[in-house]
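Text of final.txt (compact mmCIF, C-alpha atoms) as supplied:
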```txt
# COMPACT_ATOMS: atom_id res chain seq x y z
CA MET U 1027 6.96 43.58 -192.78
CA LYS U 1028 5.56 42.64 -196.15
CA THR U 1029 3.35 39.68 -196.87
CA SER U 1030 2.67 37.67 -199.98
CA MET U 1031 -0.99 37.03 -200.61
CA GLU U 1032 -3.16 36.39 -203.60
CA THR U 1033 -5.06 39.66 -203.91
CA ASN U 1034 -7.46 38.32 -206.51
CA ILE U 1035 -9.51 36.26 -204.07
CA GLU U 1036 -12.88 35.54 -205.62
CA LEU U 1037 -15.79 35.16 -203.25
CA ARG U 1038 -18.33 32.52 -204.04
CA THR U 1039 -21.91 32.50 -202.81
CA GLY U 1040 -22.36 29.56 -200.50
CA SER U 1041 -18.85 29.57 -199.03
CA TRP U 1042 -16.44 31.53 -196.93
CA LEU U 1043 -12.67 31.55 -197.13
CA LEU U 1044 -10.31 31.46 -194.17
CA VAL U 1045 -7.12 33.55 -194.37
CA VAL U 1046 -4.48 32.75 -191.73
CA GLY U 1047 -1.47 35.01 -191.40
CA PRO U 1048 0.29 37.70 -189.43
CA ARG U 1049 -1.40 40.97 -188.56
CA ALA U 1050 0.53 42.54 -191.44
CA ILE U 1051 -2.00 41.06 -193.92
CA CYS U 1052 -4.66 43.48 -192.71
CA PRO U 1053 -3.94 46.22 -195.31
CA THR U 1054 -4.39 43.64 -198.06
CA LEU U 1055 -7.73 42.58 -196.60
CA LEU U 1056 -8.81 46.22 -196.31
CA ALA U 1057 -7.90 46.74 -199.98
CA LEU U 1058 -10.00 43.66 -200.78
CA THR U 1059 -12.86 45.25 -198.84
CA ALA U 1060 -12.59 48.41 -200.96
CA ARG U 1061 -12.50 46.31 -204.13
CA LEU U 1062 -15.66 44.44 -203.06
CA ALA U 1063 -17.37 47.77 -202.28
CA GLU U 1064 -16.74 48.92 -205.87
CA VAL U 1065 -19.39 46.37 -206.89
CA GLY U 1066 -21.85 46.74 -204.00
CA PRO U 1067 -22.36 46.84 -200.22
CA VAL U 1068 -19.92 44.99 -197.92
CA ARG U 1069 -20.25 44.13 -194.24
CA VAL U 1070 -17.13 44.16 -192.08
CA LEU U 1071 -16.96 42.60 -188.62
CA ASP U 1072 -13.80 43.67 -186.84
CA GLY U 1073 -12.81 41.30 -184.05
CA GLY U 1074 -9.31 42.61 -183.44
CA ASN U 1075 -9.61 46.39 -183.86
CA ARG U 1076 -7.91 46.08 -187.28
CA PHE U 1077 -10.19 48.22 -189.46
CA ASN U 1078 -8.35 51.33 -190.60
CA ALA U 1079 -10.61 53.71 -192.51
CA TYR U 1080 -7.62 55.60 -193.96
CA THR U 1081 -6.27 52.42 -195.55
CA VAL U 1082 -9.68 51.65 -197.05
CA ALA U 1083 -10.09 55.25 -198.29
CA ARG U 1084 -6.67 55.09 -199.95
CA ALA U 1085 -7.58 51.77 -201.62
CA ALA U 1086 -10.90 53.29 -202.75
CA ARG U 1087 -9.00 56.27 -204.15
CA GLY U 1088 -11.10 58.55 -201.93
CA ARG U 1089 -14.34 57.73 -203.73
CA SER U 1090 -17.12 58.36 -201.22
CA ASP U 1091 -19.57 56.15 -203.15
CA ILE U 1092 -17.31 53.16 -202.43
CA LEU U 1093 -16.77 54.12 -198.78
CA ASN U 1094 -20.51 54.57 -198.21
CA ARG U 1095 -21.11 50.93 -199.20
CA ILE U 1096 -19.01 49.59 -196.30
CA THR U 1097 -20.66 48.87 -192.95
CA VAL U 1098 -18.31 48.20 -190.01
CA SER U 1099 -19.14 46.62 -186.65
CA ARG U 1100 -16.55 46.07 -183.92
CA ALA U 1101 -16.46 43.45 -181.20
CA PHE U 1102 -14.18 43.44 -178.17
CA THR U 1103 -15.13 40.10 -176.59
CA CYS U 1104 -15.99 36.67 -177.97
CA TYR U 1105 -19.53 37.20 -176.67
CA GLN U 1106 -19.82 40.38 -178.75
CA VAL U 1107 -18.50 38.56 -181.85
CA PHE U 1108 -21.24 35.98 -181.39
CA SER U 1109 -23.87 38.68 -180.84
CA LEU U 1110 -22.83 40.60 -183.97
CA LEU U 1111 -22.86 37.51 -186.16
CA GLU U 1112 -26.18 36.40 -184.70
CA SER U 1113 -27.80 39.78 -185.37
CA THR U 1114 -26.42 40.12 -188.93
CA GLN U 1115 -29.11 39.50 -191.50
CA ALA U 1116 -28.39 37.12 -194.37
CA ILE U 1117 -28.74 39.49 -197.30
CA GLN U 1118 -26.93 39.57 -200.63
CA PHE U 1119 -23.83 41.40 -199.34
CA PRO U 1120 -20.43 39.78 -198.97
CA PHE U 1121 -18.80 39.90 -195.56
CA VAL U 1122 -15.25 40.35 -194.31
CA VAL U 1123 -14.41 39.29 -190.76
CA LEU U 1124 -11.13 40.75 -189.55
CA ASP U 1125 -9.17 38.90 -186.88
CA LEU U 1126 -12.05 36.65 -185.77
CA LEU U 1127 -10.12 34.65 -183.17
CA SER U 1128 -8.51 37.64 -181.48
CA THR U 1129 -11.23 37.82 -178.85
CA PHE U 1130 -11.33 34.02 -178.52
CA TYR U 1131 -7.71 33.99 -177.30
CA ASP U 1132 -8.92 35.59 -174.04
CA GLU U 1133 -8.03 33.01 -171.40
CA SER U 1134 -10.33 34.61 -168.82
CA VAL U 1135 -13.14 32.77 -170.65
CA GLN U 1136 -13.03 29.00 -170.16
CA ILE U 1137 -11.94 27.06 -173.26
CA GLY U 1138 -15.17 25.07 -173.31
CA GLU U 1139 -17.18 28.29 -173.45
CA ARG U 1140 -14.92 29.72 -176.18
CA LYS U 1141 -15.38 26.57 -178.28
CA ARG U 1142 -19.15 26.66 -177.77
CA LEU U 1143 -19.28 30.31 -178.86
CA LEU U 1144 -17.01 29.67 -181.85
CA ARG U 1145 -19.19 26.77 -183.02
CA ALA U 1146 -22.20 29.07 -182.80
CA CYS U 1147 -20.28 31.76 -184.73
CA ILE U 1148 -19.41 29.22 -187.42
CA SER U 1149 -23.08 28.32 -187.81
CA HIS U 1150 -23.84 32.02 -188.34
CA LEU U 1151 -21.01 32.30 -190.88
CA GLU U 1152 -22.55 29.36 -192.72
CA ARG U 1153 -25.94 31.10 -192.64
CA LEU U 1154 -24.38 34.30 -194.01
CA GLU U 1155 -22.35 32.54 -196.69
CA GLN U 1156 -25.51 31.28 -198.34
CA ALA U 1157 -26.42 34.86 -199.24
CA ALA U 1158 -23.16 36.18 -200.70
CA GLY U 1159 -20.03 34.50 -199.32
CA GLY U 1160 -17.20 36.05 -197.40
CA VAL U 1161 -13.67 36.10 -196.06
CA VAL U 1162 -12.63 35.42 -192.46
CA SER U 1163 -9.13 36.33 -191.32
CA ILE U 1164 -7.27 35.24 -188.23
CA HIS U 1165 -3.75 35.66 -186.91
CA PRO U 1166 -1.81 33.26 -184.72
CA PRO U 1167 -1.80 34.13 -181.01
CA ALA U 1168 1.21 35.89 -179.50
CA VAL U 1169 1.73 32.87 -177.25
CA PRO U 1170 0.86 29.58 -178.98
CA SER U 1171 -1.37 27.22 -177.01
CA GLN U 1172 -3.28 24.00 -177.45
CA ALA U 1173 -6.54 25.96 -177.12
CA ALA U 1174 -5.56 28.22 -180.05
CA VAL U 1175 -4.76 25.17 -182.20
CA GLU U 1176 -8.17 23.67 -181.37
CA LEU U 1177 -9.97 26.92 -182.21
CA LEU U 1178 -8.14 27.16 -185.55
CA GLY U 1179 -9.05 23.52 -186.25
CA LEU U 1180 -12.74 24.26 -185.73
CA LEU U 1181 -12.57 27.13 -188.22
CA GLN U 1182 -10.53 25.21 -190.79
CA ALA U 1183 -12.95 22.28 -190.71
CA SER U 1184 -15.80 24.63 -191.66
CA ALA U 1185 -14.10 26.81 -194.29
CA VAL U 1186 -14.21 25.83 -197.95
CA ASP U 1187 -10.61 26.97 -198.47
CA THR U 1188 -7.85 28.07 -196.12
CA PHE U 1189 -5.06 30.39 -197.24
CA PHE U 1190 -1.91 30.47 -195.12
CA VAL U 1191 0.00 33.70 -195.66
CA GLN U 1192 3.66 33.81 -194.69
CA PRO U 1193 5.61 37.02 -194.14
CA VAL U 1194 8.08 37.78 -196.90
CA ALA U 1195 11.57 38.06 -195.51
CA ALA U 1196 13.12 41.48 -195.98
CA ALA U 1197 16.05 41.61 -198.37
CA PRO U 1198 19.33 41.62 -196.47
CA GLU U 1199 21.12 44.95 -196.35
CA PRO U 1200 24.52 45.07 -197.99
CA MET U 1201 27.41 44.76 -195.59
CA ARG U 1202 29.19 47.97 -194.78
CA LEU U 1203 32.90 48.04 -194.29
CA PHE U 1204 32.98 51.25 -192.26
```

Conversion result in structure tokens:
Amino acid sequence: MKTSMETNIELRTGSWLLVVGPRAICPTLLALTARLAEVGPVRVLDGGNRFNAYTVARAARGRSDILNRITVSRAFTCYQVFSLLESTQAIQFPFVVLDLLSTFYDESVQIGERKRLLRACISHLERLEQAAGGVVSIHPPAVPSQAAVELLGLLQASAVDTFFVQPVAAAPEPMRLF
């Protein structure tokens, strides 16, 4: 599946951008990460196990100087996402958060607790954005729910801009007679 997405996203200090789309947008975000690392250090928080070092290395054309500027942290629960954001220092490096809401879709955690943690995460994103800005990506849940809509609403209300990325439909194959 291909996606259409503006690949010339410009980060601005003092803001973070929200990118909403299918999981297929991840290679584009990883290429953005490599492009940001051409200029300086980049922090990546991976909330949905989406970071693929091979994709980043290909986008960086194998340049180890670019790859060495990327720091990756992974979280497997919404509590770990909160902990990682809380412990991240606000320094002059842009950040990329991959699949932030993935761990917040876990229904074994009460929705009130997930909302509380997400609000706390948003306050840490706002703290981090003051230093260098960033990009936060999310994908819709496999099974839509009212809770997921509420979580997305919390994020959208805090982001400066929200980009909705739609999958590009594949070209139909020509009909075969035999």

> With distances taken over only C-alpha atoms, which of U:Ser1128, U:Gln1172, U:Ser1184, U:Asn1075 is nearest to Glu1152 in chain U?
Replying inline: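 Comparing U:Ser1128, U:Gln1172, U:Ser1184, U:Asn1075 against Glu1152 in chain U, the winner is U:Ser1184.
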
>> Using Å and a single decimal, report how far CA of His1165 in chain U sits from CA of Phe1189 in chain U.
In response: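 Separation between CA of Phe1189 in chain U and CA of His1165 in chain U: 11.7 Å.
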
> If I put a ball of radius 6 Å at (-2.8, 30.2, -193.0) in the file's coordinates, which residues poke into it when counting all atoms listed in the file, written as a list of chain:residue names?
Replying inline: U:Val1045, U:Val1046, U:Gly1047, U:Phe1189, U:Phe1190, U:Val1191

> What is the distance, in Å and to one decimal place, between CA of Phe1130 in chain U and CA of Val1107 in chain U?
Replying inline: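 Computed distance, CA of Phe1130 in chain U to CA of Val1107 in chain U, equals 9.1 Å.
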
Would you kindly return, as a PDB file with C-alpha atoms, in the coordinates of the input, each protein, DNA or RNA residue with an atom no farther than 9 Å from any atom of Ile1092 in chain U, considering all atoms listed in the file and excluding same-chain residues fewer than 4 positions away?
```pdb
ATOM      1  CA  ALA U1060     -12.590  48.410-200.960  1.00  0.00           C
ATOM      2  CA  ARG U1061     -12.500  46.310-204.130  1.00  0.00           C
ATOM      3  CA  LEU U1062     -15.660  44.440-203.060  1.00  0.00           C
ATOM      4  CA  ALA U1063     -17.370  47.770-202.280  1.00  0.00           C
ATOM      5  CA  GLU U1064     -16.740  48.920-205.870  1.00  0.00           C
ATOM      6  CA  VAL U1065     -19.390  46.370-206.890  1.00  0.00           C
ATOM      7  CA  GLY U1066     -21.850  46.740-204.000  1.00  0.00           C
ATOM      8  CA  PRO U1067     -22.360  46.840-200.220  1.00  0.00           C
ATOM      9  CA  ALA U1083     -10.090  55.250-198.290  1.00  0.00           C
ATOM     10  CA  ALA U1086     -10.900  53.290-202.750  1.00  0.00           C
ATOM     11  CA  GLY U1088     -11.100  58.550-201.930  1.00  0.00           C
ATOM     12  CA  ILE U1096     -19.010  49.590-196.300  1.00  0.00           C
TER      13      ILE U1096
END
```

> Smallest atom-to-atom distance to Ala1157 in chain U: which of U:Leu1180, U:Gln1115, U:Val1135, U:Leu1043, using all atoms listed in the file?
Replying inline: U:Gln1115

> How many Å lie between CA of Arg1095 in chain U and CA of Phe1121 in chain U, rounded to one decimal?
Replying inline: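 Computed distance, CA of Arg1095 in chain U to CA of Phe1121 in chain U, equals 11.8 Å.
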
Residues within 12 Å of Phe1077 in chain U, all atoms listed in the file, excluding chain neighbours under 2 positions, as a JSON list (two decimals) with C-alpha atoms, keeping the file's coordinate frame:
```
[["chain", "number", "residue", "atom", "x", "y", "z"],
["U", 1049, "ARG", "CA", -1.40, 40.97, -188.56],
["U", 1051, "ILE", "CA", -2.00, 41.06, -193.92],
["U", 1052, "CYS", "CA", -4.66, 43.48, -192.71],
["U", 1053, "PRO", "CA", -3.94, 46.22, -195.31],
["U", 1054, "THR", "CA", -4.39, 43.64, -198.06],
["U", 1055, "LEU", "CA", -7.73, 42.58, -196.60],
["U", 1056, "LEU", "CA", -8.81, 46.22, -196.31],
["U", 1057, "ALA", "CA", -7.90, 46.74, -199.98],
["U", 1059, "THR", "CA", -12.86, 45.25, -198.84],
["U", 1060, "ALA", "CA", -12.59, 48.41, -200.96],
["U", 1069, "ARG", "CA", -20.25, 44.13, -194.24],
["U", 1070, "VAL", "CA", -17.13, 44.16, -192.08],
["U", 1071, "LEU", "CA", -16.96, 42.60, -188.62],
["U", 1072, "ASP", "CA", -13.80, 43.67, -186.84],
["U", 1073, "GLY", "CA", -12.81, 41.30, -184.05],
["U", 1074, "GLY", "CA", -9.31, 42.61, -183.44],
["U", 1075, "ASN", "CA", -9.61, 46.39, -183.86],
["U", 1079, "ALA", "CA", -10.61, 53.71, -192.51],
["U", 1080, "TYR", "CA", -7.62, 55.60, -193.96],
["U", 1081, "THR", "CA", -6.27, 52.42, -195.55],
["U", 1082, "VAL", "CA", -9.68, 51.65, -197.05],
["U", 1083, "ALA", "CA", -10.09, 55.25, -198.29],
["U", 1096, "ILE", "CA", -19.01, 49.59, -196.30],
["U", 1097, "THR", "CA", -20.66, 48.87, -192.95],
["U", 1098, "VAL", "CA", -18.31, 48.20, -190.01],
["U", 1099, "SER", "CA", -19.14, 46.62, -186.65],
["U", 1100, "ARG", "CA", -16.55, 46.07, -183.92],
["U", 1101, "ALA", "CA", -16.46, 43.45, -181.20],
["U", 1122, "VAL", "CA", -15.25, 40.35, -194.31],
["U", 1123, "VAL", "CA", -14.41, 39.29, -190.76],
["U", 1124, "LEU", "CA", -11.13, 40.75, -189.55],
["U", 1125, "ASP", "CA", -9.17, 38.90, -186.88]]
```

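Residues lying within 12 Å of (-23.6, 31.9, -200.8). Counted over all atoms listed in the file, they are Leu1037, Arg1038, Thr1039, Gly1040, Ser1041, Trp1042, Leu1043, Ala1116, Ile1117, Gln1118, Phe1119, Pro1120, Phe1121, Leu1151, Glu1152, Arg1153, Leu1154, Glu1155, Gln1156, Ala1157, Ala1158, Gly1159, Gly1160, Val1161 and Val1186 of chain U.
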
>> Considering all atoms listed in the file, can you say which of U:Glu1176, U:Ser1113, U:Ile1164, U:Val1169 comes closest to Arg1142 in chain U?
In response: U:Glu1176

> Arg1140 in chain U: which residues within 10 Å, counting all atoms listed in the file, same-chain residues fewer than 2 positions away excluded, as number ranges by chain?
Replying inline: U: 1104-1105, 1127, 1129-1138, 1142-1146, 1173, 1177

Save the residues we just selected, C-alpha atoms, as a tab-separated table (two decimals), in the frame of the given file?
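Wrote part38.tsv, looks like this:
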```tsv
chain	number	residue	atom	x	y	z
U	1104	CYS	CA	-15.99	36.67	-177.97
U	1105	TYR	CA	-19.53	37.20	-176.67
U	1127	LEU	CA	-10.12	34.65	-183.17
U	1129	THR	CA	-11.23	37.82	-178.85
U	1130	PHE	CA	-11.33	34.02	-178.52
U	1131	TYR	CA	-7.71	33.99	-177.30
U	1132	ASP	CA	-8.92	35.59	-174.04
U	1133	GLU	CA	-8.03	33.01	-171.40
U	1134	SER	CA	-10.33	34.61	-168.82
U	1135	VAL	CA	-13.14	32.77	-170.65
U	1136	GLN	CA	-13.03	29.00	-170.16
U	1137	ILE	CA	-11.94	27.06	-173.26
U	1138	GLY	CA	-15.17	25.07	-173.31
U	1142	ARG	CA	-19.15	26.66	-177.77
U	1143	LEU	CA	-19.28	30.31	-178.86
U	1144	LEU	CA	-17.01	29.67	-181.85
U	1145	ARG	CA	-19.19	26.77	-183.02
U	1146	ALA	CA	-22.20	29.07	-182.80
U	1173	ALA	CA	-6.54	25.96	-177.12
U	1177	LEU	CA	-9.97	26.92	-182.21
```

> In terms of the shortest atom-to-atom distance over all atoms listed in the file, which of U:Thr1103, U:Leu1058, U:Ala1183, U:Phe1108 is closest to Arg1084 in chain U?
Replying inline: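 Among the listed residues, the smallest separation from Arg1084 in chain U belongs to U:Leu1058.
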